[in-house]
Amino acid sequence: MSRSLSALMLGALGIAVLLSLGVWQLHRLAWKEGVIAAIEAQIGAEPVRLSTIASPDPAADLYRPVTVSGRTTGEELLVLTGRKGEGAGFEVIAVLETDDGKRVLLDRGFIPEAARDDARPPVALEVAGNLHWPRDADRYTPPPDPGTGLWFARDVEAMSENVNTMPLLVVARKVTGDAQGIVPVPVDTSTIPNDHRQYAITWFSLAGVWAGMTGFLLWRIRQRTD
């Protein structure tokens with residue numbers, strides 16, 4: 001009797017812990033979906049002219065839709081990247097000199113590897129996009145390669161210092177003017193991880209397995225004591 005009771009208590013405790021972890025992940029899922037919905041609402045809000053924002057703030061203005069017009073200077077930084085179905089390529093971060101005389105970073109979008117050395121002279125552009133301060137880098141991301149000039153992450157602060165611009169990045173959504181073969185890669189929420197549903201299913205599945213193992217153990221104990 002004592003062995004059955006111990007097995008039952010251990011089984012019940014394990015099931016309760018695993019179920020609570022599953023429920024916690026469901027709460028995290030609801031929270032993350034709320035965060036993503038808020039970001040999507042911010043991304044899709046009515047744009048404002050960049051010139052009306054006196055001092056863009058990485059916290060308050062993250063994802064803010066803006067419009068800006070000006071002329072690229074021919075200065076650009078290439079970030080090694082890739083696109084599904086297209087293979088390796090580069091994100092083109094250009095210097096845009098705005099109509100009101102400011103220098104800002106403009107993420108114009110993606111070019112394939114073969115277009116790296118194509119001529120992209122200064123060009124007038126009207127851009128609709130979003131302010132962004134991406135956190136692409138981690139401790140394993142190498143620094144820019146001085147030999148090739150390639151970057152491996154969009155580091156707004158370092159890039160702005162490198163080409164002497166304001167510390168902000170406009171990620172193009174729609175470009176009017178000569179695109180020069182560059183395909184915009186707009187800001188969206190697809191890169192925000194949201195695996196809480198899978199985690200919840202895992203915990204609930206483990207709870208089911210634990211319950212089955214507990215039932216089997218109780219059956220074995222009963223068989224031995226009959």
# chains A, B, ... in the order shown; residues from 1 in each chain; ligands from 1

$ select_by_dssp --residues "chain A" --states "alpha helix (DSSP H)" --output "PyMOL selection string"
chain A and resi 2-43+156-163+196-225

$ closest_residue --among "A:Leu5, A:Ile182, A:Val68, A:Ala158" --to "A:Glu113" --atoms "only C-alpha atoms"
A:Ile182

$ residues_around --residues "stretch 79-85 of chain A" --least-positions-apart "3" --cutoff "12 Å" --atoms "only C-alpha atoms" --output "PyMOL selection string"
chain A and resi 76+88-94+107-113+116+136-137+141-145+148-156+159+183-185

$ atom_distance --atom1 "atom CA of A:Lys102" --atom2 "atom CA of A:Asp117"
26.9 Å

$ closest_atom_pairs --of "stretch 174-202 of chain A" --to "stretch 36-47 of chain A" --cutoff "12 Å" --atoms "only C-alpha atoms" --output "JSON lines"
{"residue": "A:Pro186", "atom": "CA", "partner": "A:Ile43", "partner_atom": "CA", "distance": 9.7}
{"residue": "A:Val187", "atom": "CA", "partner": "A:Ile43", "partner_atom": "CA", "distance": 7.5}
{"residue": "A:Asp188", "atom": "CA", "partner": "A:Glu40", "partner_atom": "CA", "distance": 7.2}
{"residue": "A:Thr189", "atom": "CA", "partner": "A:Ile36", "partner_atom": "CA", "distance": 6.7}
{"residue": "A:Ser190", "atom": "CA", "partner": "A:Ile36", "partner_atom": "CA", "distance": 9.5}
{"residue": "A:Thr191", "atom": "CA", "partner": "A:Ile36", "partner_atom": "CA", "distance": 10.6}
{"residue": "A:Ile192", "atom": "CA", "partner": "A:Ile36", "partner_atom": "CA", "distance": 7.9}
{"residue": "A:Pro193", "atom": "CA", "partner": "A:Ile36", "partner_atom": "CA", "distance": 9.8}
{"residue": "A:Asn194", "atom": "CA", "partner": "A:Ile36", "partner_atom": "CA", "distance": 9.1}

$ write_last_selection --atoms "N, CA and C atoms" --output "short mmCIF file (atom, residue, chain, number, x, y, z; two decimals), in the first residue's frame"
data_model
loop_
_atom_site.label_atom_id
_atom_site.label_comp_id
_atom_site.auth_asym_id
_atom_site.auth_seq_id
_atom_site.Cartn_x
_atom_site.Cartn_y
_atom_site.Cartn_z
N PRO A 186 11.01 45.35 -46.08
CA PRO A 186 10.37 46.15 -45.03
C PRO A 186 10.47 45.51 -43.65
N VAL A 187 10.34 46.36 -42.65
CA VAL A 187 10.26 45.88 -41.26
C VAL A 187 8.96 45.10 -41.08
N ASP A 188 9.03 43.94 -40.46
CA ASP A 188 7.83 43.20 -40.08
C ASP A 188 8.11 42.42 -38.80
N THR A 189 7.17 41.60 -38.38
CA THR A 189 7.32 40.87 -37.12
C THR A 189 7.74 39.42 -37.32
N SER A 190 8.11 39.05 -38.54
CA SER A 190 8.40 37.65 -38.82
C SER A 190 9.65 37.15 -38.09
N THR A 191 10.53 38.06 -37.73
CA THR A 191 11.77 37.63 -37.05
C THR A 191 11.63 37.59 -35.53
N ILE A 192 10.47 37.99 -35.01
CA ILE A 192 10.27 37.96 -33.56
C ILE A 192 9.90 36.53 -33.15
N PRO A 193 10.70 35.87 -32.34
CA PRO A 193 10.41 34.48 -31.98
C PRO A 193 9.14 34.37 -31.15
N ASN A 194 8.32 33.37 -31.46
CA ASN A 194 7.11 33.12 -30.68
C ASN A 194 6.85 31.62 -30.70
#

$ residues_around --residues "A:Gly208" --least-positions-apart "4" --cutoff "12 Å" --atoms "only C-alpha atoms" --output "tab-separated table (two decimals) with all heavy atoms, in the first residue's frame"
chain	number	residue	atom	x	y	z
A	11	GLY	N	3.65	10.65	-8.99
A	11	GLY	CA	3.02	10.86	-10.29
A	11	GLY	C	2.18	12.12	-10.31
A	11	GLY	O	2.24	12.91	-11.28
A	12	ALA	N	1.40	12.34	-9.25
A	12	ALA	CA	0.54	13.52	-9.19
A	12	ALA	C	1.37	14.80	-9.16
A	12	ALA	O	1.02	15.80	-9.80
A	12	ALA	CB	-0.37	13.45	-7.97
A	14	GLY	N	4.46	15.21	-10.36
A	14	GLY	CA	5.06	15.43	-11.68
A	14	GLY	C	4.05	15.97	-12.68
A	14	GLY	O	4.34	16.90	-13.45
A	15	ILE	N	2.84	15.41	-12.68
A	15	ILE	CA	1.80	15.87	-13.60
A	15	ILE	C	1.44	17.32	-13.31
A	15	ILE	O	1.29	18.14	-14.23
A	15	ILE	CB	0.55	14.97	-13.49
A	15	ILE	CG1	0.88	13.57	-14.01
A	15	ILE	CG2	-0.62	15.57	-14.25
A	15	ILE	CD1	-0.20	12.54	-13.68
A	16	ALA	N	1.32	17.67	-12.02
A	16	ALA	CA	0.96	19.04	-11.65
A	16	ALA	C	2.02	20.03	-12.11
A	16	ALA	O	1.70	21.11	-12.62
A	16	ALA	CB	0.77	19.12	-10.14
A	17	VAL	N	3.31	19.66	-11.92
A	17	VAL	CA	4.39	20.56	-12.33
A	17	VAL	C	4.38	20.75	-13.85
A	17	VAL	O	4.48	21.88	-14.36
A	17	VAL	CB	5.75	20.00	-11.87
A	17	VAL	CG1	6.90	20.79	-12.51
A	17	VAL	CG2	5.87	20.06	-10.36
A	18	LEU	N	4.25	19.66	-14.58
A	18	LEU	CA	4.27	19.75	-16.04
A	18	LEU	C	3.06	20.51	-16.58
A	18	LEU	O	3.18	21.31	-17.52
A	18	LEU	CB	4.32	18.34	-16.65
A	18	LEU	CG	5.63	17.57	-16.39
A	18	LEU	CD1	5.48	16.11	-16.79
A	18	LEU	CD2	6.79	18.21	-17.15
A	19	LEU	N	1.89	20.29	-15.98
A	19	LEU	CA	0.71	21.04	-16.41
A	19	LEU	C	0.85	22.53	-16.12
A	19	LEU	O	0.45	23.38	-16.92
A	19	LEU	CB	-0.54	20.48	-15.72
A	19	LEU	CG	-1.03	19.12	-16.20
A	19	LEU	CD1	-2.22	18.66	-15.36
A	19	LEU	CD2	-1.43	19.16	-17.68
A	22	GLY	N	2.95	24.08	-18.72
A	22	GLY	CA	2.18	24.27	-19.94
A	22	GLY	C	1.26	25.47	-19.87
A	22	GLY	O	1.16	26.26	-20.82
A	201	ILE	N	2.59	22.78	-25.87
A	201	ILE	CA	2.25	21.43	-26.34
A	201	ILE	C	3.26	20.41	-25.79
A	201	ILE	O	2.88	19.30	-25.38
A	201	ILE	CB	2.23	21.40	-27.88
A	201	ILE	CG1	1.04	22.22	-28.40
A	201	ILE	CG2	2.15	19.97	-28.40
A	201	ILE	CD1	1.04	22.42	-29.90
A	202	THR	N	4.53	20.79	-25.76
A	202	THR	CA	5.56	19.89	-25.24
A	202	THR	C	5.31	19.56	-23.78
A	202	THR	O	5.34	18.38	-23.37
A	202	THR	CB	6.96	20.52	-25.39
A	202	THR	OG1	7.23	20.73	-26.78
A	202	THR	CG2	8.03	19.62	-24.79
A	203	TRP	N	5.04	20.59	-22.96
A	203	TRP	CA	4.82	20.34	-21.53
A	203	TRP	C	3.55	19.51	-21.30
A	203	TRP	O	3.54	18.58	-20.47
A	203	TRP	CB	4.72	21.66	-20.77
A	203	TRP	CG	6.01	22.40	-20.65
A	203	TRP	CD1	6.29	23.67	-21.06
A	203	TRP	CD2	7.23	21.93	-20.04
A	203	TRP	NE1	7.59	24.02	-20.78
A	203	TRP	CE2	8.19	22.97	-20.14
A	203	TRP	CE3	7.60	20.73	-19.44
A	203	TRP	CZ2	9.48	22.84	-19.67
A	203	TRP	CZ3	8.90	20.60	-18.95
A	203	TRP	CH2	9.82	21.64	-19.07
A	204	PHE	N	2.48	19.81	-22.04
A	204	PHE	CA	1.25	19.04	-21.87
A	204	PHE	C	1.45	17.59	-22.33
A	204	PHE	O	0.91	16.65	-21.73
A	204	PHE	CB	0.10	19.69	-22.64
A	204	PHE	CG	-0.39	20.98	-22.03
A	204	PHE	CD1	-0.73	22.06	-22.84
A	204	PHE	CD2	-0.52	21.11	-20.66
A	204	PHE	CE1	-1.17	23.24	-22.28
A	204	PHE	CE2	-0.97	22.29	-20.09
A	204	PHE	CZ	-1.30	23.37	-20.90
A	212	GLY	N	0.78	8.43	-18.02
A	212	GLY	CA	0.79	7.05	-18.50
A	212	GLY	C	1.80	6.20	-17.76
A	212	GLY	O	1.52	5.05	-17.40
A	213	MET	N	2.99	6.76	-17.51
A	213	MET	CA	4.02	6.02	-16.79
A	213	MET	C	3.60	5.76	-15.35
A	213	MET	O	3.86	4.68	-14.80
A	213	MET	CB	5.33	6.81	-16.82
A	213	MET	CG	5.97	6.90	-18.20
A	213	MET	SD	7.42	7.99	-18.22
A	213	MET	CE	8.50	7.13	-17.06
A	214	THR	N	2.94	6.74	-14.75
A	214	THR	CA	2.46	6.56	-13.38
A	214	THR	C	1.42	5.45	-13.31
A	214	THR	O	1.44	4.59	-12.42
A	214	THR	CB	1.86	7.87	-12.84
A	214	THR	OG1	2.86	8.88	-12.86
A	214	THR	CG2	1.34	7.70	-11.42
A	215	GLY	N	0.49	5.45	-14.29
A	215	GLY	CA	-0.53	4.40	-14.33
A	215	GLY	C	0.09	3.03	-14.52
A	215	GLY	O	-0.31	2.05	-13.88

$ closest_residue --among "A:Leu96, A:Leu13, A:Ala114, A:Leu26" --to "A:Ala200" --atoms "only C-alpha atoms"
A:Leu26

$ decode --residues "stretch 128-144 of chain A" --atoms "all heavy atoms" --output "PDB file, in the first residue's frame"
ATOM      1  N   ALA A 128       9.279  55.781 -48.154  1.00  0.00           N
ATOM      2  CA  ALA A 128       8.360  55.506 -47.055  1.00  0.00           C
ATOM      3  C   ALA A 128       8.884  54.260 -46.351  1.00  0.00           C
ATOM      4  O   ALA A 128       9.153  53.241 -46.996  1.00  0.00           O
ATOM      5  CB  ALA A 128       6.946  55.271 -47.562  1.00  0.00           C
ATOM      6  N   GLY A 129       9.066  54.357 -45.049  1.00  0.00           N
ATOM      7  CA  GLY A 129       9.627  53.225 -44.320  1.00  0.00           C
ATOM      8  C   GLY A 129       9.403  53.350 -42.835  1.00  0.00           C
ATOM      9  O   GLY A 129       8.476  54.027 -42.388  1.00  0.00           O
ATOM     10  N   ASN A 130      10.254  52.691 -42.083  1.00  0.00           N
ATOM     11  CA  ASN A 130      10.119  52.678 -40.616  1.00  0.00           C
ATOM     12  C   ASN A 130      11.465  52.932 -39.966  1.00  0.00           C
ATOM     13  O   ASN A 130      12.495  52.440 -40.435  1.00  0.00           O
ATOM     14  CB  ASN A 130       9.596  51.331 -40.133  1.00  0.00           C
ATOM     15  CG  ASN A 130       8.207  51.023 -40.658  1.00  0.00           C
ATOM     16  OD1 ASN A 130       8.068  50.532 -41.765  1.00  0.00           O
ATOM     17  ND2 ASN A 130       7.191  51.302 -39.875  1.00  0.00           N
ATOM     18  N   LEU A 131      11.425  53.689 -38.879  1.00  0.00           N
ATOM     19  CA  LEU A 131      12.634  53.851 -38.076  1.00  0.00           C
ATOM     20  C   LEU A 131      12.930  52.533 -37.374  1.00  0.00           C
ATOM     21  O   LEU A 131      12.022  51.846 -36.894  1.00  0.00           O
ATOM     22  CB  LEU A 131      12.443  54.948 -37.035  1.00  0.00           C
ATOM     23  CG  LEU A 131      12.356  56.385 -37.564  1.00  0.00           C
ATOM     24  CD1 LEU A 131      12.080  57.353 -36.410  1.00  0.00           C
ATOM     25  CD2 LEU A 131      13.632  56.784 -38.275  1.00  0.00           C
ATOM     26  N   HIS A 132      14.196  52.196 -37.311  1.00  0.00           N
ATOM     27  CA  HIS A 132      14.555  50.927 -36.696  1.00  0.00           C
ATOM     28  C   HIS A 132      15.951  51.012 -36.101  1.00  0.00           C
ATOM     29  O   HIS A 132      16.831  51.687 -36.644  1.00  0.00           O
ATOM     30  CB  HIS A 132      14.499  49.812 -37.743  1.00  0.00           C
ATOM     31  CG  HIS A 132      14.420  48.439 -37.174  1.00  0.00           C
ATOM     32  ND1 HIS A 132      13.976  48.173 -35.899  1.00  0.00           N
ATOM     33  CD2 HIS A 132      14.727  47.214 -37.713  1.00  0.00           C
ATOM     34  CE1 HIS A 132      14.010  46.882 -35.670  1.00  0.00           C
ATOM     35  NE2 HIS A 132      14.471  46.274 -36.753  1.00  0.00           N
ATOM     36  N   TRP A 133      16.115  50.340 -34.982  1.00  0.00           N
ATOM     37  CA  TRP A 133      17.422  50.166 -34.355  1.00  0.00           C
ATOM     38  C   TRP A 133      17.566  48.667 -34.105  1.00  0.00           C
ATOM     39  O   TRP A 133      17.387  48.180 -32.984  1.00  0.00           O
ATOM     40  CB  TRP A 133      17.515  50.949 -33.047  1.00  0.00           C
ATOM     41  CG  TRP A 133      17.611  52.431 -33.225  1.00  0.00           C
ATOM     42  CD1 TRP A 133      18.744  53.193 -33.262  1.00  0.00           C
ATOM     43  CD2 TRP A 133      16.525  53.362 -33.407  1.00  0.00           C
ATOM     44  NE1 TRP A 133      18.441  54.524 -33.439  1.00  0.00           N
ATOM     45  CE2 TRP A 133      17.094  54.664 -33.528  1.00  0.00           C
ATOM     46  CE3 TRP A 133      15.133  53.231 -33.473  1.00  0.00           C
ATOM     47  CZ2 TRP A 133      16.312  55.799 -33.713  1.00  0.00           C
ATOM     48  CZ3 TRP A 133      14.364  54.358 -33.664  1.00  0.00           C
ATOM     49  CH2 TRP A 133      14.948  55.631 -33.783  1.00  0.00           C
ATOM     50  N   PRO A 134      17.839  47.890 -35.148  1.00  0.00           N
ATOM     51  CA  PRO A 134      17.826  46.427 -35.029  1.00  0.00           C
ATOM     52  C   PRO A 134      18.916  45.909 -34.098  1.00  0.00           C
ATOM     53  O   PRO A 134      19.981  46.508 -33.964  1.00  0.00           O
ATOM     54  CB  PRO A 134      18.059  45.954 -36.467  1.00  0.00           C
ATOM     55  CG  PRO A 134      18.757  47.090 -37.134  1.00  0.00           C
ATOM     56  CD  PRO A 134      18.225  48.338 -36.502  1.00  0.00           C
ATOM     57  N   ARG A 135      18.606  44.786 -33.494  1.00  0.00           N
ATOM     58  CA  ARG A 135      19.588  44.092 -32.655  1.00  0.00           C
ATOM     59  C   ARG A 135      19.981  42.797 -33.353  1.00  0.00           C
ATOM     60  O   ARG A 135      19.661  41.697 -32.915  1.00  0.00           O
ATOM     61  CB  ARG A 135      18.999  43.816 -31.278  1.00  0.00           C
ATOM     62  CG  ARG A 135      18.646  45.093 -30.507  1.00  0.00           C
ATOM     63  CD  ARG A 135      18.045  44.770 -29.163  1.00  0.00           C
ATOM     64  NE  ARG A 135      17.725  45.976 -28.399  1.00  0.00           N
ATOM     65  CZ  ARG A 135      17.152  45.978 -27.192  1.00  0.00           C
ATOM     66  NH1 ARG A 135      16.841  44.822 -26.611  1.00  0.00           N
ATOM     67  NH2 ARG A 135      16.891  47.120 -26.576  1.00  0.00           N
ATOM     68  N   ASP A 136      20.675  42.963 -34.464  1.00  0.00           N
ATOM     69  CA  ASP A 136      21.067  41.803 -35.266  1.00  0.00           C
ATOM     70  C   ASP A 136      22.273  41.075 -34.691  1.00  0.00           C
ATOM     71  O   ASP A 136      22.462  39.887 -34.935  1.00  0.00           O
ATOM     72  CB  ASP A 136      21.408  42.246 -36.698  1.00  0.00           C
ATOM     73  CG  ASP A 136      20.195  42.794 -37.436  1.00  0.00           C
ATOM     74  OD1 ASP A 136      19.067  42.547 -36.987  1.00  0.00           O
ATOM     75  OD2 ASP A 136      20.389  43.465 -38.462  1.00  0.00           O
ATOM     76  N   ALA A 137      23.114  41.789 -33.978  1.00  0.00           N
ATOM     77  CA  ALA A 137      24.387  41.221 -33.531  1.00  0.00           C
ATOM     78  C   ALA A 137      24.248  40.547 -32.173  1.00  0.00           C
ATOM     79  O   ALA A 137      23.399  40.919 -31.351  1.00  0.00           O
ATOM     80  CB  ALA A 137      25.451  42.309 -33.465  1.00  0.00           C
ATOM     81  N   ASP A 138      25.065  39.546 -31.951  1.00  0.00           N
ATOM     82  CA  ASP A 138      25.238  38.961 -30.637  1.00  0.00           C
ATOM     83  C   ASP A 138      26.734  38.803 -30.382  1.00  0.00           C
ATOM     84  O   ASP A 138      27.552  39.287 -31.169  1.00  0.00           O
ATOM     85  CB  ASP A 138      24.493  37.622 -30.505  1.00  0.00           C
ATOM     86  CG  ASP A 138      24.929  36.598 -31.546  1.00  0.00           C
ATOM     87  OD1 ASP A 138      26.109  36.640 -31.979  1.00  0.00           O
ATOM     88  OD2 ASP A 138      24.112  35.743 -31.935  1.00  0.00           O
ATOM     89  N   ARG A 139      27.094  38.144 -29.310  1.00  0.00           N
ATOM     90  CA  ARG A 139      28.520  38.058 -28.959  1.00  0.00           C
ATOM     91  C   ARG A 139      29.317  37.221 -29.946  1.00  0.00           C
ATOM     92  O   ARG A 139      30.545  37.256 -29.945  1.00  0.00           O
ATOM     93  CB  ARG A 139      28.668  37.498 -27.548  1.00  0.00           C
ATOM     94  CG  ARG A 139      28.117  36.098 -27.358  1.00  0.00           C
ATOM     95  CD  ARG A 139      28.362  35.625 -25.939  1.00  0.00           C
ATOM     96  NE  ARG A 139      27.823  34.293 -25.706  1.00  0.00           N
ATOM     97  CZ  ARG A 139      28.061  33.580 -24.607  1.00  0.00           C
ATOM     98  NH1 ARG A 139      28.823  34.090 -23.660  1.00  0.00           N
ATOM     99  NH2 ARG A 139      27.520  32.393 -24.461  1.00  0.00           N
ATOM    100  N   TYR A 140      28.621  36.448 -30.788  1.00  0.00           N
ATOM    101  CA  TYR A 140      29.318  35.624 -31.765  1.00  0.00           C
ATOM    102  C   TYR A 140      29.444  36.319 -33.124  1.00  0.00           C
ATOM    103  O   TYR A 140      30.073  35.774 -34.034  1.00  0.00           O
ATOM    104  CB  TYR A 140      28.575  34.294 -31.950  1.00  0.00           C
ATOM    105  CG  TYR A 140      28.436  33.503 -30.667  1.00  0.00           C
ATOM    106  CD1 TYR A 140      27.201  33.371 -30.034  1.00  0.00           C
ATOM    107  CD2 TYR A 140      29.552  32.896 -30.088  1.00  0.00           C
ATOM    108  CE1 TYR A 140      27.071  32.653 -28.851  1.00  0.00           C
ATOM    109  CE2 TYR A 140      29.429  32.181 -28.906  1.00  0.00           C
ATOM    110  CZ  TYR A 140      28.191  32.062 -28.293  1.00  0.00           C
ATOM    111  OH  TYR A 140      28.073  31.357 -27.123  1.00  0.00           O
ATOM    112  N   THR A 141      28.830  37.485 -33.279  1.00  0.00           N
ATOM    113  CA  THR A 141      28.889  38.185 -34.557  1.00  0.00           C
ATOM    114  C   THR A 141      30.257  38.829 -34.736  1.00  0.00           C
ATOM    115  O   THR A 141      30.689  39.613 -33.889  1.00  0.00           O
ATOM    116  CB  THR A 141      27.806  39.276 -34.625  1.00  0.00           C
ATOM    117  OG1 THR A 141      26.521  38.681 -34.401  1.00  0.00           O
ATOM    118  CG2 THR A 141      27.816  39.959 -35.985  1.00  0.00           C
ATOM    119  N   PRO A 142      30.950  38.518 -35.825  1.00  0.00           N
ATOM    120  CA  PRO A 142      32.278  39.121 -36.028  1.00  0.00           C
ATOM    121  C   PRO A 142      32.157  40.609 -36.340  1.00  0.00           C
ATOM    122  O   PRO A 142      31.125  41.071 -36.840  1.00  0.00           O
ATOM    123  CB  PRO A 142      32.846  38.347 -37.215  1.00  0.00           C
ATOM    124  CG  PRO A 142      31.653  37.814 -37.936  1.00  0.00           C
ATOM    125  CD  PRO A 142      30.602  37.575 -36.901  1.00  0.00           C
ATOM    126  N   PRO A 143      33.211  41.367 -36.080  1.00  0.00           N
ATOM    127  CA  PRO A 143      33.212  42.790 -36.433  1.00  0.00           C
ATOM    128  C   PRO A 143      33.302  42.946 -37.942  1.00  0.00           C
ATOM    129  O   PRO A 143      33.602  41.986 -38.663  1.00  0.00           O
ATOM    130  CB  PRO A 143      34.467  43.317 -35.736  1.00  0.00           C
ATOM    131  CG  PRO A 143      35.375  42.134 -35.658  1.00  0.00           C
ATOM    132  CD  PRO A 143      34.481  40.948 -35.449  1.00  0.00           C
ATOM    133  N   PRO A 144      33.049  44.159 -38.452  1.00  0.00           N
ATOM    134  CA  PRO A 144      33.182  44.387 -39.897  1.00  0.00           C
ATOM    135  C   PRO A 144      34.569  43.986 -40.386  1.00  0.00           C
ATOM    136  O   PRO A 144      35.570  44.183 -39.696  1.00  0.00           O
ATOM    137  CB  PRO A 144      32.949  45.896 -40.034  1.00  0.00           C
ATOM    138  CG  PRO A 144      32.177  46.279 -38.826  1.00  0.00           C
ATOM    139  CD  PRO A 144      32.625  45.373 -37.732  1.00  0.00           C
TER     140      PRO A 144
END
